[in-house]
file input.txt (compact mmCIF, C-alpha atoms)
# COMPACT_ATOMS: atom_id res chain seq x y z
CA MET A 20 32.93 10.59 -29.39
CA VAL A 21 34.20 14.17 -29.05
CA CYS A 22 34.99 16.02 -25.81
CA ARG A 23 34.88 19.83 -25.66
CA ALA A 24 37.77 20.64 -23.33
CA ASP A 25 40.31 19.07 -20.99
CA ASP A 26 38.10 19.58 -17.91
CA ASP A 27 34.85 18.65 -19.69
CA ILE A 28 34.81 14.87 -19.71
CA VAL A 29 31.23 14.43 -20.95
CA PRO A 30 31.34 13.08 -24.54
CA ILE A 31 29.14 14.04 -27.49
CA ILE A 32 27.63 11.07 -29.34
CA ASP A 33 25.90 11.34 -32.72
CA ILE A 34 22.83 9.08 -32.73
CA ALA A 35 21.63 10.01 -36.23
CA ASN A 36 20.91 7.20 -38.73
CA MET A 37 20.62 4.71 -35.90
CA GLU A 38 19.21 1.88 -37.99
CA THR A 39 22.36 1.77 -40.13
CA ARG A 40 24.81 2.69 -37.35
CA ARG A 41 23.31 0.80 -34.40
CA PRO A 42 26.43 -1.29 -33.47
CA GLU A 43 28.66 1.80 -33.51
CA ILE A 44 26.20 3.94 -31.54
CA THR A 45 25.49 1.16 -29.06
CA GLN A 46 29.19 0.75 -28.33
CA GLN A 47 29.65 4.51 -27.77
CA LEU A 48 26.58 4.79 -25.54
CA MET A 49 27.56 1.76 -23.46
CA THR A 50 31.10 3.07 -22.99
CA ALA A 51 29.92 6.52 -21.88
CA ALA A 52 27.17 5.14 -19.64
CA SER A 53 29.42 2.59 -17.96
CA GLU A 54 32.48 4.81 -17.47
CA ILE A 55 30.99 8.26 -16.79
CA GLY A 56 27.22 7.91 -16.60
CA PHE A 57 26.78 11.21 -18.47
CA PHE A 58 26.92 11.95 -22.19
CA ARG A 59 25.53 14.39 -24.73
CA VAL A 60 23.66 13.36 -27.86
CA LYS A 61 23.28 15.12 -31.19
CA GLY A 62 21.39 13.93 -34.26
CA HIS A 63 18.51 13.20 -31.88
CA GLY A 64 15.72 14.52 -34.13
CA MET A 65 14.45 17.29 -31.84
CA SER A 66 14.60 20.71 -33.46
CA LEU A 67 16.14 23.72 -31.73
CA ASP A 68 12.84 25.54 -32.31
CA ASP A 69 10.97 22.85 -30.36
CA ILE A 70 13.46 23.02 -27.49
CA ASN A 71 13.40 26.83 -27.35
CA ALA A 72 9.59 26.82 -27.45
CA ALA A 73 9.51 24.46 -24.46
CA HIS A 74 11.83 26.78 -22.53
CA ALA A 75 9.57 29.70 -23.39
CA MET A 76 6.38 27.93 -22.29
CA SER A 77 8.01 26.75 -19.07
CA LEU A 78 9.12 30.29 -18.22
CA LYS A 79 5.69 31.66 -19.09
CA PHE A 80 4.37 29.76 -16.07
CA LEU A 81 7.39 30.21 -13.78
CA GLN A 82 7.30 34.00 -14.25
CA LEU A 83 3.79 34.20 -12.83
CA PRO A 84 3.34 35.67 -9.32
CA ASP A 85 4.13 33.26 -6.49
CA GLU A 86 0.58 33.44 -5.17
CA VAL A 87 -0.64 32.00 -8.50
CA LYS A 88 1.96 29.23 -8.71
CA SER A 89 1.54 28.27 -5.07
CA SER A 90 -2.02 27.15 -5.82
CA LEU A 91 -0.38 24.06 -7.38
CA PRO A 92 2.00 23.13 -4.54
CA MET A 93 4.30 20.15 -4.29
CA ASN A 94 3.74 18.21 -1.07
CA LYS A 95 6.99 18.95 0.77
CA GLU A 96 6.22 16.43 3.51
CA ASN A 97 6.69 13.60 1.02
CA PHE A 98 9.76 12.68 -0.95
CA ALA A 99 10.63 12.84 -4.64
CA TYR A 100 8.38 12.65 -7.65
CA ILE A 101 5.64 14.52 -5.81
CA LEU A 102 4.26 16.64 -8.63
CA GLY A 103 3.56 20.37 -8.52
CA TRP A 104 5.34 23.71 -7.93
CA TYR A 105 8.30 24.01 -5.55
CA GLU A 106 10.69 26.73 -4.33
CA GLU A 107 14.00 26.68 -2.44
CA ASN A 108 15.28 29.82 -0.72
CA LEU A 109 18.14 31.22 1.32
CA THR A 110 17.87 34.47 3.29
CA VAL A 111 19.80 36.30 0.56
CA GLY A 112 17.37 35.18 -2.14
CA ARG A 113 15.74 32.33 -4.03
CA LEU A 114 18.01 29.49 -5.09
CA ARG A 115 15.53 27.91 -7.50
CA GLU A 116 11.93 27.10 -8.21
CA GLY A 117 10.34 24.54 -10.46
CA MET A 118 7.28 22.74 -11.73
CA LEU A 119 7.36 18.93 -11.73
CA MET A 120 4.79 17.31 -14.00
CA GLY A 121 3.89 13.88 -15.34
CA TYR A 122 2.04 12.71 -18.41
CA ASP A 123 -1.64 13.67 -18.63
CA ASN A 124 -2.90 10.94 -16.30
CA LYS A 125 -4.32 10.65 -12.77
CA ARG A 126 -1.01 11.72 -11.21
CA MET A 127 -1.58 15.24 -12.57
CA LYS A 128 -5.17 15.66 -11.41
CA GLY A 129 -5.62 19.23 -10.16
CA LEU A 130 -1.99 20.19 -10.83
CA TRP A 131 -2.07 21.56 -14.39
CA PRO A 132 -2.12 25.35 -14.66
CA THR A 133 -5.56 26.49 -15.84
CA LYS A 134 -6.05 28.33 -19.13
CA ASP A 135 -6.46 31.54 -17.16
CA MET A 136 -3.07 30.99 -15.53
CA CYS A 137 -1.07 29.88 -18.57
CA GLU A 138 -2.99 29.09 -21.74
CA GLY A 139 -1.65 26.16 -23.79
CA TYR A 140 0.74 24.99 -21.07
CA ARG A 141 -0.72 21.52 -20.58
CA GLU A 142 -0.92 20.66 -24.30
CA HIS A 143 2.50 22.10 -25.14
CA MET A 144 4.40 20.39 -22.33
CA VAL A 145 2.79 16.97 -22.87
CA ALA A 146 3.66 17.20 -26.59
CA PHE A 147 7.27 18.04 -25.66
CA MET A 148 7.40 15.10 -23.25
CA ARG A 149 6.35 12.77 -26.06
CA LYS A 150 9.20 14.06 -28.23
CA CYS A 151 11.55 13.37 -25.34
CA HIS A 152 10.13 9.85 -25.08
CA ALA A 153 10.96 9.21 -28.75
CA VAL A 154 14.63 10.09 -28.08
CA THR A 155 14.65 8.03 -24.89
CA GLU A 156 13.25 5.00 -26.71
CA ARG A 157 16.11 5.09 -29.23
CA ILE A 158 18.76 5.31 -26.52
CA MET A 159 17.17 2.60 -24.38
CA SER A 160 16.97 0.25 -27.38
CA CYS A 161 20.77 0.52 -27.68
CA PHE A 162 21.23 -0.11 -23.97
CA ALA A 163 19.04 -3.20 -24.28
CA VAL A 164 21.25 -4.59 -27.06
CA GLY A 165 24.39 -3.63 -25.15
CA LEU A 166 23.13 -5.54 -22.12
CA GLY A 167 22.43 -8.64 -24.19
CA LEU A 168 18.63 -8.19 -24.20
CA GLU A 169 16.11 -7.90 -27.00
CA GLN A 170 16.13 -4.48 -28.68
CA ASP A 171 12.61 -3.62 -27.49
CA PHE A 172 13.10 -5.03 -23.97
CA PHE A 173 12.35 -1.72 -22.21
CA LYS A 174 9.61 -0.53 -24.57
CA GLU A 175 6.51 -1.96 -22.88
CA ALA A 176 7.64 -1.00 -19.38
CA MET A 177 8.19 2.64 -20.47
CA ASN A 178 4.93 3.10 -22.38
CA PRO A 179 3.91 6.76 -21.82
CA ASP A 180 0.24 5.88 -22.35
CA ASP A 181 0.17 3.49 -19.41
CA PRO A 182 -1.72 5.25 -16.57
CA ASP A 183 0.88 3.88 -14.13
CA ASN A 184 3.83 5.45 -16.00
CA GLN A 185 6.17 7.14 -13.50
CA THR A 186 7.93 9.47 -15.95
CA ALA A 187 8.16 13.11 -14.84
CA MET A 188 9.52 16.37 -16.23
CA TYR A 189 10.97 19.13 -14.06
CA CYS A 190 11.06 22.72 -15.34
CA ASN A 191 13.56 24.66 -13.20
CA LYS A 192 14.23 28.38 -12.93
CA TYR A 193 17.30 29.62 -11.08
CA PRO A 194 16.86 33.39 -10.54
CA SER A 195 19.63 35.88 -11.26
CA THR A 196 22.33 36.23 -8.59
CA LYS A 197 23.29 39.75 -9.67
CA GLY A 198 23.77 42.02 -6.66
CA LYS A 199 23.35 39.11 -4.21
CA GLN A 200 26.11 37.76 -2.00
CA PHE A 201 25.58 34.04 -1.55
CA PRO A 202 27.76 32.17 0.97
CA GLU A 203 30.95 30.71 -0.50
CA GLY A 204 30.32 27.20 -1.80
CA ALA A 205 26.55 27.64 -1.95
CA LEU A 206 24.79 25.05 -4.10
CA ARG A 207 21.54 25.45 -6.00
CA ILE A 208 21.12 21.66 -5.92
CA TYR A 209 23.29 19.52 -3.66
CA ALA A 210 25.14 16.43 -4.88
CA HIS A 211 22.73 13.64 -5.81
CA THR A 212 22.01 10.95 -8.35
CA ASP A 213 18.73 10.78 -10.26
CA PHE A 214 16.34 8.07 -9.19
CA GLU A 215 14.71 6.95 -12.43
CA LEU A 216 15.98 5.18 -15.57
CA LEU A 217 17.30 7.98 -17.75
CA THR A 218 17.40 11.79 -17.64
CA LEU A 219 17.30 14.08 -20.68
CA LEU A 220 18.46 17.58 -19.71
CA PHE A 221 17.86 20.73 -21.77
CA THR A 222 19.87 23.82 -20.81
CA ARG A 223 20.60 27.08 -22.61
CA PRO A 224 24.10 28.08 -23.85
CA GLY A 225 26.03 30.27 -21.44
CA GLU A 226 23.96 29.27 -18.39
CA LEU A 227 26.54 27.32 -16.38
CA GLY A 228 26.62 25.57 -13.02
CA LEU A 229 26.04 21.85 -13.64
CA GLU A 230 28.95 19.71 -12.45
CA VAL A 231 29.51 15.95 -12.71
CA CYS A 232 31.42 13.82 -10.21
CA ALA A 233 33.26 11.30 -12.35
CA GLY A 234 34.91 8.11 -11.20
CA LYS A 235 33.84 4.50 -11.39
CA GLY A 236 32.12 3.46 -8.17
CA THR A 237 32.12 6.96 -6.70
CA SER A 238 30.92 6.89 -3.11
CA ALA A 239 28.91 9.55 -1.29
CA LYS A 240 32.04 10.61 0.60
CA GLU A 241 34.08 10.86 -2.61
CA ALA A 242 31.30 12.90 -4.21
CA MET A 243 31.98 15.63 -1.67
CA THR A 244 35.65 15.92 -2.68
CA SER A 245 35.90 19.11 -4.72
CA GLY A 246 38.72 17.88 -6.96
CA MET A 247 36.51 15.24 -8.59
CA TRP A 248 33.96 17.69 -10.00
CA HIS A 249 33.94 18.46 -13.74
CA PRO A 250 31.81 21.04 -15.59
CA CYS A 251 29.02 19.88 -17.88
CA ASP A 252 28.22 23.07 -19.75
CA PRO A 253 25.43 23.41 -22.33
CA VAL A 254 26.32 22.66 -25.95
CA GLU A 255 23.74 24.07 -28.36
CA GLY A 256 21.92 21.43 -30.38
CA THR A 257 22.77 18.60 -27.97
CA ILE A 258 20.84 16.97 -25.14
CA THR A 259 22.68 16.07 -21.95
CA VAL A 260 21.76 12.53 -20.85
CA ASN A 261 22.53 10.65 -17.64
CA VAL A 262 21.81 7.22 -16.20
CA GLY A 263 19.56 7.03 -13.13
CA ASP A 264 19.60 4.70 -10.13
CA ALA A 265 16.83 2.48 -11.48
CA LEU A 266 18.81 1.75 -14.66
CA GLN A 267 22.02 1.10 -12.73
CA TYR A 268 20.04 -1.38 -10.65
CA TRP A 269 18.31 -2.94 -13.68
CA SER A 270 21.65 -3.32 -15.52
CA ASP A 271 23.39 -5.11 -12.63
CA ASP A 272 25.62 -2.03 -12.11
CA ARG A 273 26.95 -2.11 -15.68
CA LEU A 274 25.54 1.37 -16.31
CA LYS A 275 26.54 4.09 -13.85
CA SER A 276 24.28 6.53 -12.02
CA THR A 277 26.60 9.47 -11.41
CA PHE A 278 26.60 12.19 -8.74
CA HIS A 279 25.98 15.71 -10.01
CA ARG A 280 25.13 19.12 -8.57
CA VAL A 281 24.37 22.71 -9.58
CA ARG A 282 26.45 25.43 -7.97
CA VAL A 283 25.91 29.18 -7.62
CA PRO A 284 27.77 31.19 -10.34
CA ARG A 285 31.30 32.31 -9.60
CA GLU A 286 32.41 35.94 -9.75
CA HIS A 287 33.49 35.91 -13.42
CA GLU A 288 30.53 33.87 -14.70
CA TYR A 289 27.10 34.72 -16.11
CA LYS A 290 24.82 35.66 -13.21
CA GLY A 291 21.49 36.07 -14.97
CA ASP A 292 18.54 33.66 -14.82
CA ARG A 293 19.32 30.01 -15.51
CA HIS A 294 16.62 27.73 -16.86
CA SER A 295 16.58 23.98 -17.42
CA ILE A 296 14.14 21.23 -18.34
CA ALA A 297 14.85 17.72 -17.04
CA TYR A 298 12.88 14.82 -18.50
CA PHE A 299 13.04 11.88 -16.07
CA ALA A 300 12.25 8.86 -18.27
CA ASN A 301 10.82 6.00 -16.27
CA CYS A 302 8.88 2.74 -16.25
CA THR A 303 5.52 1.94 -14.70
CA GLY A 304 5.22 1.66 -10.94
CA SER A 305 4.48 -2.07 -11.14
CA THR A 306 7.44 -2.97 -13.38
CA VAL A 307 9.83 -5.37 -11.66
CA LEU A 308 13.46 -4.27 -12.04
CA GLN A 309 16.02 -7.04 -12.08
CA GLY A 310 19.02 -7.39 -14.37
CA PRO A 311 19.95 -10.37 -16.55
CA GLN A 312 22.59 -11.47 -14.01
CA LYS A 313 20.16 -11.08 -11.05
CA LYS A 314 22.79 -9.23 -9.02
CA TYR A 315 20.01 -7.60 -6.99
CA PRO A 316 16.64 -8.84 -5.75
CA PRO A 317 13.60 -7.74 -7.77
CA ILE A 318 12.34 -4.29 -6.88
CA THR A 319 9.93 -1.65 -8.23
CA PHE A 320 10.50 2.06 -8.70
CA PRO A 321 8.15 3.06 -5.85
CA GLU A 322 10.19 0.79 -3.57
CA ILE A 323 13.39 2.52 -4.71
CA LEU A 324 11.80 5.83 -3.69
CA ALA A 325 10.86 4.36 -0.32
CA GLU A 326 14.47 3.27 0.21
CA LYS A 327 15.66 6.78 -0.67
CA ARG A 328 13.23 8.16 1.87
CA ARG A 329 14.66 5.81 4.48
CA GLN A 330 18.23 6.89 3.68
CA VAL A 331 17.64 10.64 3.85
CA GLY A 332 15.36 10.52 6.89
CA ASP A 333 12.97 13.26 7.89
CA VAL A 334 14.51 16.49 6.59
CA ASN A 335 12.46 19.69 6.50
CA ARG A 336 14.57 22.26 4.68
CA ASP A 337 11.98 24.97 5.27
CA GLU A 338 12.86 24.91 8.97
CA MET A 339 16.64 25.04 8.43
CA THR A 340 18.77 28.16 8.76
CA ASP A 341 21.02 29.14 5.84
CA GLU A 342 24.00 27.67 7.70
CA GLU A 343 22.16 24.40 8.31
CA LYS A 344 21.18 24.13 4.64
CA MET A 345 24.78 24.78 3.57
CA ALA A 346 26.10 22.17 6.00
CA PHE A 347 23.53 19.62 4.83
CA ASP A 348 24.27 20.25 1.15
CA LEU A 349 28.03 20.00 1.60
CA ASN A 350 27.98 16.88 3.77
CA ASN A 351 25.26 14.74 2.25
CA ALA A 352 25.09 12.91 -1.05
CA LEU A 353 22.22 10.60 -1.92
CA GLY A 354 23.23 7.90 -4.38
CA PRO A 355 22.35 4.39 -5.59
CA GLU A 356 23.09 2.68 -2.27
CA MET A 357 21.63 -0.77 -2.93
CA GLN A 358 23.05 -4.02 -1.58
CA PRO A 359 23.71 -6.95 -3.96
CA VAL A 360 22.23 -10.40 -3.37
CA ASP A 361 24.16 -12.44 -0.83
CA MET A 362 24.75 -15.81 -2.53
CA THR A 363 27.43 -17.06 -0.08
CA HIS A 364 25.31 -19.09 2.36
CA SER A 365 22.85 -21.23 0.47
CA GLY A 366 24.23 -20.82 -3.02
CA LYS A 367 20.92 -19.48 -4.27
CA PRO A 368 19.04 -16.21 -3.83
CA GLU A 369 16.66 -15.85 -0.90
CA PHE A 370 13.86 -14.40 -3.00
CA GLU A 371 11.46 -15.72 -5.61
CA VAL A 372 13.08 -15.35 -9.02
CA VAL A 373 11.27 -13.18 -11.54
CA GLU A 374 9.51 -15.28 -14.17
CA SER A 375 11.61 -15.71 -17.31
CA CYS A 376 10.43 -15.82 -20.89
CA GLU A 377 11.43 -18.55 -23.35
CA SER A 378 14.69 -16.78 -24.20
CA GLY A 379 15.74 -17.00 -20.55
CA LYS A 380 15.70 -13.24 -20.06
CA PRO A 381 13.76 -11.62 -17.18
CA LYS A 382 10.14 -10.97 -18.04
CA ILE A 383 8.29 -7.82 -16.99
CA GLN A 384 5.44 -8.68 -14.64
CA PRO A 385 3.45 -6.85 -11.92
CA MET A 386 4.91 -6.86 -8.43
CA VAL A 387 2.97 -9.24 -6.21
CA LYS A 388 2.88 -8.79 -2.44
CA GLY A 389 5.25 -11.19 -0.74
CA LYS A 390 7.78 -11.42 -3.58
CA LEU A 391 10.49 -9.53 -1.65
CA SER A 392 12.84 -11.28 0.74
CA PRO A 393 12.40 -10.44 4.46
CA ASP A 394 15.48 -8.21 4.55
CA LEU A 395 13.87 -5.98 1.92
CA GLU A 396 10.50 -5.57 3.60
CA HIS A 397 11.57 -2.13 4.86
CA LEU A 398 11.40 -0.98 1.22
CA ARG A 399 7.63 -1.33 1.11
CA LEU A 400 5.81 1.97 0.79
CA GLN A 401 4.49 3.56 3.97
CA PRO A 402 1.26 5.63 3.96
CA SER A 403 3.28 8.89 4.17
CA VAL A 404 5.21 8.17 0.97
CA SER A 405 3.20 9.19 -2.08
CA VAL A 406 4.18 8.22 -5.61
CA ILE A 407 1.05 9.23 -7.54

call {"tool": "encode", "arguments": {"input": "input.txt", "output": "structure tokens"}}
result
Amino acid sequence: MVCRADDDIVPIIDIANMETRRPEITQQLMTAASEIGFFRVKGHGMSLDDINAAHAMSLKFLQLPDEVKSSLPMNKENFAYILGWYEENLTVGRLREGMLMGYDNKRMKGLWPTKDMCEGYREHMVAFMRKCHAVTERIMSCFAVGLGLEQDFFKEAMNPDDPDNQTAMYCNKYPSTKGKQFPEGALRIYAHTDFELLTLLFTRPGELGLEVCAGKGTSAKEAMTSGMWHPCDPVEGTITVNVGDALQYWSDDRLKSTFHRVRVPREHEYKGDRHSIAYFANCTGSTVLQGPQKKYPPITFPEILAEKRRQVGDVNRDEMTDEEKMAFDLNNALGPEMQPVDMTHSGKPEFEVVESCESGKPKIQPMVKGKLSPDLEHLRLQPSVSVI
């Protein structure tokens, strides 16, 4: 593994020739994912032309007039993974906007730009997502081995052709800050962890702002301490990868979901448009997540989202003043706050154990109503929380 600079702690891992180098690559990926939660990969098989073409197609849509994009709105009353177009503004100007999409299934009904809006968008972006899936599958196969599971353990649960697949891709545009005076410490995205299994991030060289909060077991309070933040700048030809909450949960906390944020450019930095594409690799909504050691009760991804909703409460940023948004961003950090199973009283878990296969490893099966213990019933989806 190679690091770029003293203050850039995110390693670069070469995943080329995986079939002949799997033990070496697995060790490097497991080390980076367990100690930092972020890493960069090269030798991933995606061409620079493909990546640049995806950026171009994304911007082709995001540069359309707002009145066109707003015909495909994200439901702001719900929380996370609600697909469609979204914008975030301060009085001085727009912080960011983006289009969140899924695979070409029922979740995207009525949300794809029409041919008149942006010809070729749907086909191009779905094809790019499939290339991202191929990279994700290679990385997840190493994590499976590193966790003591079968190499293809995650494959079925992450099948992109399953109509219940929860994978999403977010195309973000951060407009130029030239000539605009943002409040000191303004953030384009406040400190957070990603919710899903694994994120693949594509950014363009010279477009800075992403920062990672390193430290094993970093708490929400610690994430707000400025001295812990490290830059994670784009490196051409690499993909930035980070572990999400669902994978930390599924791995019994062996793999780390790390806080990160995007700040407004500083005085001496590039102030033009910043563009990124984040591929949020995920499993199906019915996949039961529980690690080999059963540290946590079984849970599904939609129930993780419901728990996140419960943690953050009812927050309507559209009704906040600039000062209120700044205060919220600087004093809140949403992370993988899940409680482990309490084994101290009865000596056995108070939930029905996920069915195991012959090898003794947890078997993927649909969530059945009533499987959760009573203390987790609050995680069940409410009518106002949409995940499709």

call {"tool": "residues_around", "arguments": {"input": "input.txt", "residues": "region 291-299 of chain A", "least_positions_apart": "6", "cutoff": "10 Å", "atoms": "all atoms listed in the file", "output": "number ranges by chain"}}
result
A: 70, 73-75, 77-78, 100, 115-121, 147-148, 151-152, 155, 185-197, 213-228, 259-263, 284

call {"tool": "atom_distance", "arguments": {"input": "input.txt", "atom1": "CA of Cys232 (chain A)", "atom2": "CA of Ala300 (chain A)"}}
result
21.4 Å

call {"tool": "residues_around", "arguments": {"input": "input.txt", "residues": "Met159 (chain A)", "least_positions_apart": "2", "cutoff": "9 Å", "atoms": "only C-alpha atoms", "output": "MDAnalysis selection string"}}
result
chainID A and resid 154:157 161:164 170:174 217

call {"tool": "atom_distance", "arguments": {"input": "input.txt", "atom1": "CA of His211 (chain A)", "atom2": "CA of Thr277 (chain A)"}}
result
8.0 Å

call {"tool": "atom_distance", "arguments": {"input": "input.txt", "atom1": "CA of Leu266 (chain A)", "atom2": "CA of Met37 (chain A)"}}
result
21.5 Å

call {"tool": "closest_residue", "arguments": {"input": "input.txt", "among": "A:Arg336, A:Lys61, A:Arg328, A:Lys79", "to": "Glu138 (chain A)", "atoms": "only C-alpha atoms"}}
result
A:Lys79

call {"tool": "residues_around", "arguments": {"input": "input.txt", "residues": "region 25-29 of chain A", "least_positions_apart": "4", "cutoff": "7 Å", "atoms": "only C-alpha atoms", "output": "list in words"}}
result
Phe57, Phe58, Arg59, His249, Pro250 and Cys251 of chain A

call {"tool": "closest_residue", "arguments": {"input": "input.txt", "among": "A:Leu166, A:Ile32, A:Val111, A:Leu206", "to": "Asp272 (chain A)", "atoms": "all atoms listed in the file"}}
result
A:Leu166

call {"tool": "closest_residue", "arguments": {"input": "input.txt", "among": "A:Met136, A:Ala153, A:Leu308, A:Met127", "to": "Gly103 (chain A)", "atoms": "all atoms listed in the file"}}
result
A:Met127

call {"tool": "closest_residue", "arguments": {"input": "input.txt", "among": "A:Pro179, A:Gly304, A:Pro355, A:Pro92", "to": "Val145 (chain A)", "atoms": "only C-alpha atoms"}}
result
A:Pro179

call {"tool": "residues_around", "arguments": {"input": "input.txt", "residues": "Gly62 (chain A)", "least_positions_apart": "4", "cutoff": "9 Å", "atoms": "only C-alpha atoms", "output": "list in words"}}
result
Ile32, Asp33, Ile34, Ala35, Asn36, Gly256 and Thr257 of chain A

call {"tool": "closest_residue", "arguments": {"input": "input.txt", "among": "A:Phe201, A:Asn350, A:Ala176, A:Ala325", "to": "Val307 (chain A)", "atoms": "only C-alpha atoms"}}
result
A:Ala176

call {"tool": "closest_residue", "arguments": {"input": "input.txt", "among": "A:Pro132, A:Pro202, A:Gly167, A:Gly64", "to": "Leu109 (chain A)", "atoms": "only C-alpha atoms"}}
result
A:Pro202

call {"tool": "residues_around", "arguments": {"input": "input.txt", "residues": "Asp183 (chain A)", "least_positions_apart": "6", "cutoff": "10 Å", "atoms": "all atoms listed in the file", "output": "PDB file with C-alpha atoms, in the frame of the given file"}}
result
ATOM      1  CA  TYR A 122       2.040  12.710 -18.410  1.00  0.00           C
ATOM      2  CA  ASN A 124      -2.900  10.940 -16.300  1.00  0.00           C
ATOM      3  CA  LYS A 125      -4.320  10.650 -12.770  1.00  0.00           C
ATOM      4  CA  ARG A 126      -1.010  11.720 -11.210  1.00  0.00           C
ATOM      5  CA  ALA A 176       7.640  -1.000 -19.380  1.00  0.00           C
ATOM      6  CA  MET A 177       8.190   2.640 -20.470  1.00  0.00           C
ATOM      7  CA  CYS A 302       8.880   2.740 -16.250  1.00  0.00           C
ATOM      8  CA  THR A 303       5.520   1.940 -14.700  1.00  0.00           C
ATOM      9  CA  GLY A 304       5.220   1.660 -10.940  1.00  0.00           C
ATOM     10  CA  SER A 305       4.480  -2.070 -11.140  1.00  0.00           C
ATOM     11  CA  THR A 306       7.440  -2.970 -13.380  1.00  0.00           C
ATOM     12  CA  ILE A 407       1.050   9.230  -7.540  1.00  0.00           C
TER      13      ILE A 407
END
